[in-house]
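Trainee: So I've got this file, start.cif, and it contains mmCIF, C-alpha atoms:
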data_target
loop_
_atom_site.label_atom_id
_atom_site.label_comp_id
_atom_site.auth_asym_id
_atom_site.auth_seq_id
_atom_site.Cartn_x
_atom_site.Cartn_y
_atom_site.Cartn_z
CA MET A 1 -13.40 -65.43 20.32
CA PRO A 2 -11.50 -67.44 22.90
CA ASP A 3 -8.02 -66.52 21.83
CA HIS A 4 -7.81 -62.85 22.60
CA THR A 5 -5.43 -63.33 25.49
CA ASP A 6 -2.11 -64.00 23.84
CA SER A 7 -0.56 -65.59 20.85
CA ALA A 8 0.61 -68.57 22.85
CA ASP A 9 -2.85 -70.09 22.89
CA ALA A 10 -3.68 -70.39 19.24
CA GLY A 11 -4.57 -73.98 19.90
CA ASP A 12 -3.25 -77.15 21.35
CA LEU A 13 0.18 -76.36 20.05
CA SER A 14 0.71 -73.71 22.67
CA GLY A 15 4.23 -73.52 23.90
CA ILE A 16 5.64 -75.19 20.81
CA GLU A 17 5.15 -72.31 18.47
CA SER A 18 5.49 -69.64 21.10
CA GLY A 19 8.76 -68.59 22.61
CA HIS A 20 8.31 -69.78 26.13
CA VAL A 21 8.92 -73.50 25.82
CA GLU A 22 9.50 -74.35 29.43
CA PRO A 23 9.37 -77.75 31.09
CA THR A 24 5.62 -77.11 31.14
CA GLY A 25 5.22 -76.15 27.51
CA GLY A 26 3.48 -77.90 24.66
CA GLY A 27 1.54 -81.02 25.54
CA LEU A 28 0.42 -83.02 22.54
CA ARG A 29 -3.25 -82.85 23.45
CA GLY A 30 -2.99 -79.41 24.97
CA GLY A 31 -2.04 -81.00 28.25
CA ALA A 32 0.26 -78.24 29.38
CA SER A 33 -2.27 -75.53 28.75
CA THR A 34 -4.35 -74.70 31.78
CA LYS A 35 -7.23 -73.43 29.67
CA HIS A 36 -7.74 -76.60 27.67
CA GLY A 37 -8.85 -80.07 28.58
CA ALA A 38 -10.09 -80.43 32.14
CA GLY A 39 -8.68 -76.98 32.81
CA ARG A 40 -11.53 -75.56 30.79
CA VAL A 41 -14.01 -76.93 33.31
CA LEU A 42 -11.87 -75.70 36.21
CA VAL A 43 -12.00 -72.19 34.75
CA VAL A 44 -15.80 -72.28 34.79
CA VAL A 45 -16.03 -73.45 38.39
CA TYR A 46 -13.39 -70.99 39.58
CA ALA A 47 -15.10 -68.14 37.72
CA VAL A 48 -18.42 -68.92 39.39
CA LEU A 49 -16.76 -69.17 42.79
CA ALA A 50 -14.95 -65.89 42.13
CA VAL A 51 -18.19 -64.05 41.41
CA ALA A 52 -19.91 -65.67 44.39
CA SER A 53 -17.13 -64.80 46.81
CA VAL A 54 -16.63 -61.28 45.45
CA SER A 55 -20.33 -60.48 45.76
CA ARG A 56 -20.45 -61.96 49.24
CA ALA A 57 -17.37 -60.02 50.32
CA ALA A 58 -18.73 -56.83 48.77
CA TYR A 59 -22.00 -57.27 50.60
CA GLU A 60 -20.24 -57.95 53.90
CA LEU A 61 -17.71 -55.14 53.59
CA LEU A 62 -20.27 -52.57 52.48
CA THR A 63 -23.02 -53.33 54.96
CA LYS A 64 -21.56 -54.80 58.12
CA PHE A 65 -17.79 -54.65 58.11
CA SER A 66 -17.57 -53.24 61.65
CA VAL A 67 -19.51 -56.19 63.05
CA ALA A 68 -16.73 -58.68 62.38
CA PRO A 69 -13.72 -57.19 60.55
CA VAL A 70 -11.54 -60.28 60.64
CA PRO A 71 -13.84 -62.85 58.97
CA TYR A 72 -15.08 -60.28 56.49
CA SER A 73 -11.53 -59.34 55.54
CA LEU A 74 -10.91 -63.04 55.14
CA SER A 75 -13.89 -63.26 52.77
CA ALA A 76 -12.35 -60.48 50.70
CA PHE A 77 -8.99 -62.24 50.72
CA ALA A 78 -10.60 -65.49 49.57
CA ALA A 79 -12.38 -63.59 46.82
CA VAL A 80 -9.08 -62.15 45.59
CA VAL A 81 -7.50 -65.62 45.60
CA TYR A 82 -10.35 -67.02 43.48
CA CYS A 83 -10.08 -64.14 41.02
CA VAL A 84 -6.32 -64.61 40.69
CA ILE A 85 -6.63 -68.36 40.09
CA THR A 86 -9.37 -67.84 37.48
CA TRP A 87 -7.22 -65.31 35.66
CA ALA A 88 -4.11 -67.49 35.93
CA LEU A 89 -5.84 -70.55 34.45
CA ILE A 90 -7.17 -68.52 31.52
CA ALA A 91 -3.84 -66.78 30.91
CA SER A 92 -2.28 -70.23 30.60
CA THR A 93 1.40 -69.29 30.52
CA PRO A 94 4.18 -71.06 32.44
CA THR A 95 4.27 -68.14 34.88
CA SER A 96 0.51 -68.07 35.37
CA ARG A 97 0.58 -71.83 35.90
CA ARG A 98 2.92 -71.26 38.84
CA ILE A 99 0.66 -68.48 40.11
CA ALA A 100 -2.32 -70.82 39.86
CA THR A 101 -0.43 -73.50 41.80
CA VAL A 102 0.47 -71.07 44.59
CA GLY A 103 -3.09 -69.73 44.61
CA MET A 104 -4.58 -73.21 44.97
CA ILE A 105 -2.18 -74.08 47.80
CA VAL A 106 -3.15 -70.83 49.57
CA GLU A 107 -6.80 -71.69 48.98
CA LEU A 108 -6.37 -75.22 50.32
CA VAL A 109 -4.50 -74.05 53.43
CA GLY A 110 -7.07 -71.32 53.95
CA VAL A 111 -10.07 -73.61 53.72
CA LEU A 112 -8.42 -76.20 55.98
CA VAL A 113 -7.34 -73.70 58.66
CA VAL A 114 -10.54 -71.63 58.65
CA GLY A 115 -12.68 -74.73 58.26
CA THR A 116 -11.04 -76.50 61.20
CA LEU A 117 -11.17 -73.39 63.40
CA SER A 118 -14.84 -72.87 62.62
CA VAL A 119 -15.67 -76.49 63.40
CA VAL A 120 -13.65 -76.53 66.64
CA ASP A 121 -14.80 -73.14 67.90
CA GLY A 122 -17.68 -71.44 66.16
CA SER A 123 -17.01 -68.15 67.91
CA VAL A 124 -13.65 -67.63 66.19
CA PHE A 125 -15.12 -67.52 62.71
CA PRO A 126 -18.84 -66.92 62.79
CA LYS A 127 -20.87 -68.10 59.82
CA SER A 128 -19.56 -65.54 57.42
CA SER A 129 -16.60 -66.72 55.41
CA VAL A 130 -16.55 -68.66 52.16
CA TRP A 131 -14.28 -71.10 54.00
CA PHE A 132 -16.57 -71.49 57.02
CA TRP A 133 -17.02 -75.17 57.85
CA TYR A 134 -14.80 -76.19 54.89
CA GLY A 135 -17.06 -74.26 52.53
CA ARG A 136 -20.30 -75.92 53.59
CA ASP A 137 -22.37 -73.02 52.24
CA TYR A 138 -20.83 -73.67 48.85
CA LEU A 139 -21.40 -77.46 48.79
CA PHE A 140 -17.79 -78.03 49.99
CA ILE A 141 -16.59 -76.93 46.57
CA PRO A 142 -13.99 -74.61 48.19
CA LEU A 143 -12.44 -77.72 49.77
CA LEU A 144 -12.65 -80.02 46.72
CA LEU A 145 -11.68 -77.51 44.06
CA PRO A 146 -8.06 -76.79 45.10
CA ILE A 147 -7.43 -80.55 45.41
CA LEU A 148 -8.83 -81.22 41.92
CA GLY A 149 -7.01 -78.15 40.62
CA LEU A 150 -3.64 -79.23 41.98
CA VAL A 151 -4.15 -82.77 40.64
CA PHE A 152 -4.99 -81.31 37.24
CA LEU A 153 -1.93 -79.04 37.25
CA ARG A 154 0.31 -81.93 38.23
CA ARG A 155 -1.15 -84.32 35.66
CA SER A 156 -1.13 -81.86 32.80
CA ARG A 157 2.49 -81.08 33.50
CA ALA A 158 3.37 -84.78 33.59
CA GLU A 159 1.77 -85.29 30.18
CA ASN A 160 4.79 -83.85 28.44
CA MET B 1 -52.96 -64.16 61.51
CA THR B 2 -49.24 -64.56 61.57
CA SER B 3 -49.10 -65.04 57.82
CA ALA B 4 -49.30 -61.29 57.29
CA THR B 5 -46.39 -60.57 59.62
CA LEU B 6 -44.46 -63.45 58.12
CA ALA B 7 -44.97 -62.09 54.63
CA ALA B 8 -43.67 -58.74 55.78
CA ALA B 9 -40.59 -60.27 57.37
CA THR B 10 -39.68 -62.58 54.50
CA PRO B 11 -40.41 -61.31 51.00
CA GLU B 12 -42.05 -63.97 48.89
CA TRP B 13 -40.02 -65.49 46.05
CA PRO B 14 -41.87 -64.32 42.96
CA ALA B 15 -40.37 -66.68 40.39
CA GLY B 16 -41.50 -70.05 41.71
CA THR B 17 -42.73 -71.44 38.40
CA ALA B 18 -40.06 -69.88 36.22
CA GLY B 19 -37.36 -70.87 38.69
CA THR B 20 -38.55 -74.47 38.66
CA VAL B 21 -38.50 -74.54 34.87
CA VAL B 22 -34.95 -73.15 34.90
CA ILE B 23 -33.86 -75.82 37.38
CA VAL B 24 -35.43 -78.63 35.35
CA VAL B 25 -33.97 -77.46 32.02
CA GLY B 26 -30.61 -76.91 33.70
CA LEU B 27 -30.57 -80.43 35.11
CA VAL B 28 -31.59 -81.89 31.74
CA LEU B 29 -28.72 -79.98 30.12
CA ALA B 30 -26.34 -81.21 32.82
CA ALA B 31 -27.46 -84.82 32.38
CA VAL B 32 -27.21 -84.77 28.59
CA THR B 33 -23.83 -83.03 28.39
CA GLY B 34 -22.58 -84.99 31.39
CA VAL B 35 -23.25 -88.25 29.55
CA LEU B 36 -21.60 -86.83 26.42
CA ALA B 37 -18.53 -85.94 28.49
CA LEU B 38 -18.41 -89.38 30.06
CA LEU B 39 -18.60 -90.95 26.60
CA ALA B 40 -15.78 -88.62 25.51
CA LYS B 41 -18.06 -87.02 22.92
CA PRO B 42 -17.58 -83.42 21.82
CA LEU B 43 -20.45 -80.92 21.87
CA PRO B 44 -23.04 -81.71 19.21
CA ARG B 45 -24.87 -78.83 17.54
CA TRP B 46 -28.26 -79.61 19.06
CA VAL B 47 -26.96 -78.95 22.55
CA TYR B 48 -27.05 -75.26 21.68
CA LEU B 49 -30.82 -75.60 21.31
CA VAL B 50 -31.04 -76.84 24.90
CA VAL B 51 -28.80 -73.96 25.98
CA ALA B 52 -31.11 -71.56 24.15
CA LEU B 53 -34.10 -73.12 25.89
CA LEU B 54 -32.36 -72.67 29.24
CA GLU B 55 -31.61 -69.04 28.43
CA ILE B 56 -35.24 -68.35 27.54
CA ALA B 57 -36.32 -69.81 30.89
CA VAL B 58 -33.67 -67.73 32.68
CA LEU B 59 -34.87 -64.57 30.91
CA TRP B 60 -38.44 -65.39 31.92
CA MET B 61 -37.32 -65.80 35.55
CA THR B 62 -35.37 -62.53 35.36
CA VAL B 63 -38.36 -60.62 34.03
CA VAL B 64 -40.57 -61.98 36.80
CA CYS B 65 -38.02 -60.99 39.46
CA VAL B 66 -37.45 -57.52 38.03
CA ALA B 67 -41.19 -56.97 37.76
CA ALA B 68 -41.64 -57.97 41.39
CA TRP B 69 -38.73 -55.72 42.38
CA ILE B 70 -40.30 -52.76 40.57
CA GLY B 71 -43.58 -53.73 42.19
CA GLY B 72 -42.08 -53.16 45.62
CA THR B 73 -40.71 -56.48 46.91
CA ALA B 74 -36.97 -56.06 46.83
CA PRO B 75 -34.58 -58.94 47.48
CA SER B 76 -33.25 -58.79 51.02
CA ASP B 77 -29.68 -58.90 49.73
CA PRO B 78 -29.54 -56.95 46.44
CA ILE B 79 -25.78 -57.12 45.81
CA VAL B 80 -25.50 -60.89 46.01
CA PHE B 81 -28.82 -61.30 44.21
CA LEU B 82 -27.68 -59.23 41.23
CA ALA B 83 -24.30 -60.99 41.12
CA TYR B 84 -25.90 -64.44 41.11
CA LEU B 85 -28.50 -63.33 38.58
CA ALA B 86 -25.71 -62.10 36.32
CA VAL B 87 -23.99 -65.48 36.58
CA VAL B 88 -27.23 -67.34 35.82
CA LEU B 89 -27.88 -65.10 32.82
CA ALA B 90 -24.35 -65.50 31.50
CA ALA B 91 -23.81 -69.18 32.33
CA GLY B 92 -25.51 -70.72 29.26
CA PRO B 93 -24.13 -68.47 26.51
CA ALA B 94 -20.70 -68.15 28.14
CA THR B 95 -20.16 -71.89 28.60
CA ALA B 96 -21.57 -72.65 25.14
CA TRP B 97 -18.93 -70.30 23.73
CA TRP B 98 -16.21 -71.55 26.07
CA GLY B 99 -17.13 -75.19 25.38
CA ALA B 100 -17.26 -74.64 21.60
CA GLY B 101 -13.59 -73.71 21.77
CA GLU B 102 -12.72 -77.12 23.15
CA PRO B 103 -12.92 -80.07 20.75
CA GLY B 104 -12.90 -83.07 23.10
CA ARG B 105 -15.02 -84.30 25.96
CA TRP B 106 -14.22 -81.29 28.08
CA GLY B 107 -16.19 -79.07 25.73
CA SER B 108 -19.25 -81.06 26.80
CA GLY B 109 -18.00 -81.00 30.38
CA VAL B 110 -17.94 -77.20 30.40
CA VAL B 111 -21.59 -76.98 29.38
CA ALA B 112 -22.47 -79.68 31.92
CA MET B 113 -21.01 -77.39 34.59
CA ALA B 114 -23.41 -74.64 33.53
CA GLY B 115 -26.27 -77.13 33.81
CA LEU B 116 -25.24 -77.85 37.40
CA VAL B 117 -24.33 -74.33 38.45
CA VAL B 118 -27.55 -72.71 37.23
CA PRO B 119 -29.96 -74.83 39.36
CA VAL B 120 -27.79 -74.32 42.44
CA LEU B 121 -27.71 -70.58 41.88
CA VAL B 122 -31.48 -70.44 41.31
CA ILE B 123 -31.92 -72.00 44.75
CA ARG B 124 -29.45 -69.46 46.13
CA LEU B 125 -31.31 -66.64 44.35
CA GLN B 126 -34.45 -67.73 46.14
CA GLN B 127 -32.64 -67.81 49.50
CA VAL B 128 -31.07 -64.41 48.89
CA TRP B 129 -34.42 -62.96 47.86
CA THR B 130 -36.31 -64.21 50.90
CA GLY B 131 -33.48 -63.52 53.34
CA ALA B 132 -32.80 -67.14 54.24
CA THR B 133 -29.19 -66.71 53.13
CA ALA B 134 -26.17 -68.63 54.19
CA GLY B 135 -24.88 -65.37 55.66
CA GLY B 136 -27.32 -65.92 58.47
CA THR B 137 -27.26 -62.39 59.80
CA THR B 138 -29.05 -60.78 56.86
CA GLY B 139 -32.34 -60.79 58.66
CA ALA B 140 -30.88 -58.80 61.53
#
So that I can check it, write out the structure of this file as structure tokens.
Mentor:
Amino acid sequence: MPDHTDSADAGDLSGIESGHVEPTGGGLRGGASTKHGAGRVLVVVYAVLAVASVSRAAYELLTKFSVAPVPYSLSAFAAVVYCVITWALIASTPTSRRIATVGMIVELVGVLVVGTLSVVDGSVFPKSSVWFWYGRDYLFIPLLLPILGLVFLRRSRAEN
Amino acid sequence: MTSATLAAATPEWPAGTAGTVVIVVGLVLAAVTGVLALLAKPLPRWVYLVVALLEIAVLWMTVVCVAAWIGGTAPSDPIVFLAYLAVVLAAGPATAWWGAGEPGRWGSGVVAMAGLVVPVLVIRLQQVWTGATAGGTTGA
């Protein structure tokens, strides 16, 4: 069942009963945990995006990597970022919370830089990356998700 | 006629009916659980029946696709197709389990996500099958 990851997540009391009571530990309503509350929905969306980006990157790298190495490598990089964030949210430790924060900032910078470049000059990043046109192919979720994620991380930390 | 050459260039999506049923049931699930989440209600038991209904429709769609694949019309992008199909197959049961572990409104919110993700991915499955993918260059 859900709690195979570690003993710290036996419920909403995470952080209180476990050793690592950090500034982030132990919200009353599970606020500090990144796999409870709204974080539970974030995990789902990130997991879907992770699978989508991994499969896209795998397809691109396996079949046509030589055509455009840079954007396809970028797709792979984005896929790794999504996988790391998904794992970090589920792991739900103070360390993984920091990893998730860094991952979301990387994701946000990536989607903004690649998105802007692709809008300004389509030849730099042809239609191939998850972050093309701010993630238009993915209903702009790649742009919205890191913002929502960072808001969630900030709020859930402030709940203590 | 050009229809013959068109059919050869773009494989026909075999699961039109089943796919539509999946989309409709998915949207119903999303609406119901979305309202529950907005009302801060946890997941009621009967939602699992809707999830089961969605899964039956997804299995039906999967069988139709696999049958067509065996019959000779392969998706134009097999890797992405299989990955999306795996997500669609797993979405209902996985979010029902994941949502059951969450007592409050977000348990309902998790299942609502599945109800939204599945219809989107069914549309993507269709695009990936026929070659009209977002990748753009698949037809080349």
Trainee: When the cut-off is 9 Å and we count only C-alpha atoms, which residues of chain A are near chain B, given as a PyMOL selection string?
Mentor: chain A and resi 1-2+36-45+48+51-52+54-56+58-60+127-129+137
Trainee: Please compute the CA of Trp60 (chain B)-CA of Val47 (chain B) distance, one decimal, in Å.
Mentor: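 Going from CA of Trp60 (chain B) over to CA of Val47 (chain B), I get 20.1 Å.
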Trainee: Identify the residues around (-13.2, -69.1, 44.3) within a radius of 7 Å, measuring from only C-alpha atoms in the coordinates stated by the file, and give them as a PDB file with C-alpha atoms, in the coordinates of the input.
Mentor:
ATOM      1  CA  TYR A  46     -13.390 -70.990  39.580  1.00  0.00           C
ATOM      2  CA  ALA A  47     -15.100 -68.140  37.720  1.00  0.00           C
ATOM      3  CA  LEU A  49     -16.760 -69.170  42.790  1.00  0.00           C
ATOM      4  CA  ALA A  50     -14.950 -65.890  42.130  1.00  0.00           C
ATOM      5  CA  SER A  53     -17.130 -64.800  46.810  1.00  0.00           C
ATOM      6  CA  ALA A  78     -10.600 -65.490  49.570  1.00  0.00           C
ATOM      7  CA  ALA A  79     -12.380 -63.590  46.820  1.00  0.00           C
ATOM      8  CA  VAL A  81      -7.500 -65.620  45.600  1.00  0.00           C
ATOM      9  CA  TYR A  82     -10.350 -67.020  43.480  1.00  0.00           C
ATOM     10  CA  CYS A  83     -10.080 -64.140  41.020  1.00  0.00           C
ATOM     11  CA  PRO A 142     -13.990 -74.610  48.190  1.00  0.00           C
TER      12      PRO A 142
END
Trainee: For Leu144 (chain A), list every protein, DNA or RNA residue within 10 Å, evaluated using all atoms listed in the file, and leave out those in the same chain fewer than 2 positions away; present the list as a list in words.
Mentor: Leu108, Val111, Tyr134, Gly135, Leu139, Phe140, Ile141, Pro142, Pro146, Ile147, Leu148 and Gly149 of chain A
Trainee: Restricting the calculation to all atoms listed in the file: of A:Val124, A:Leu143, A:Val109, A:Ala76, which residue gets closest to Leu62 (chain A)?
Mentor: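 Between A:Val124, A:Leu143, A:Val109, A:Ala76, the residue approaching Leu62 (chain A) most closely is A:Ala76.
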Trainee: Which residue, A:Pro94, A:Phe152, A:Ile105, A:Ala68, has the smallest gap to Ser123 (chain A) when you use all atoms listed in the file?
Mentor: A:Ala68
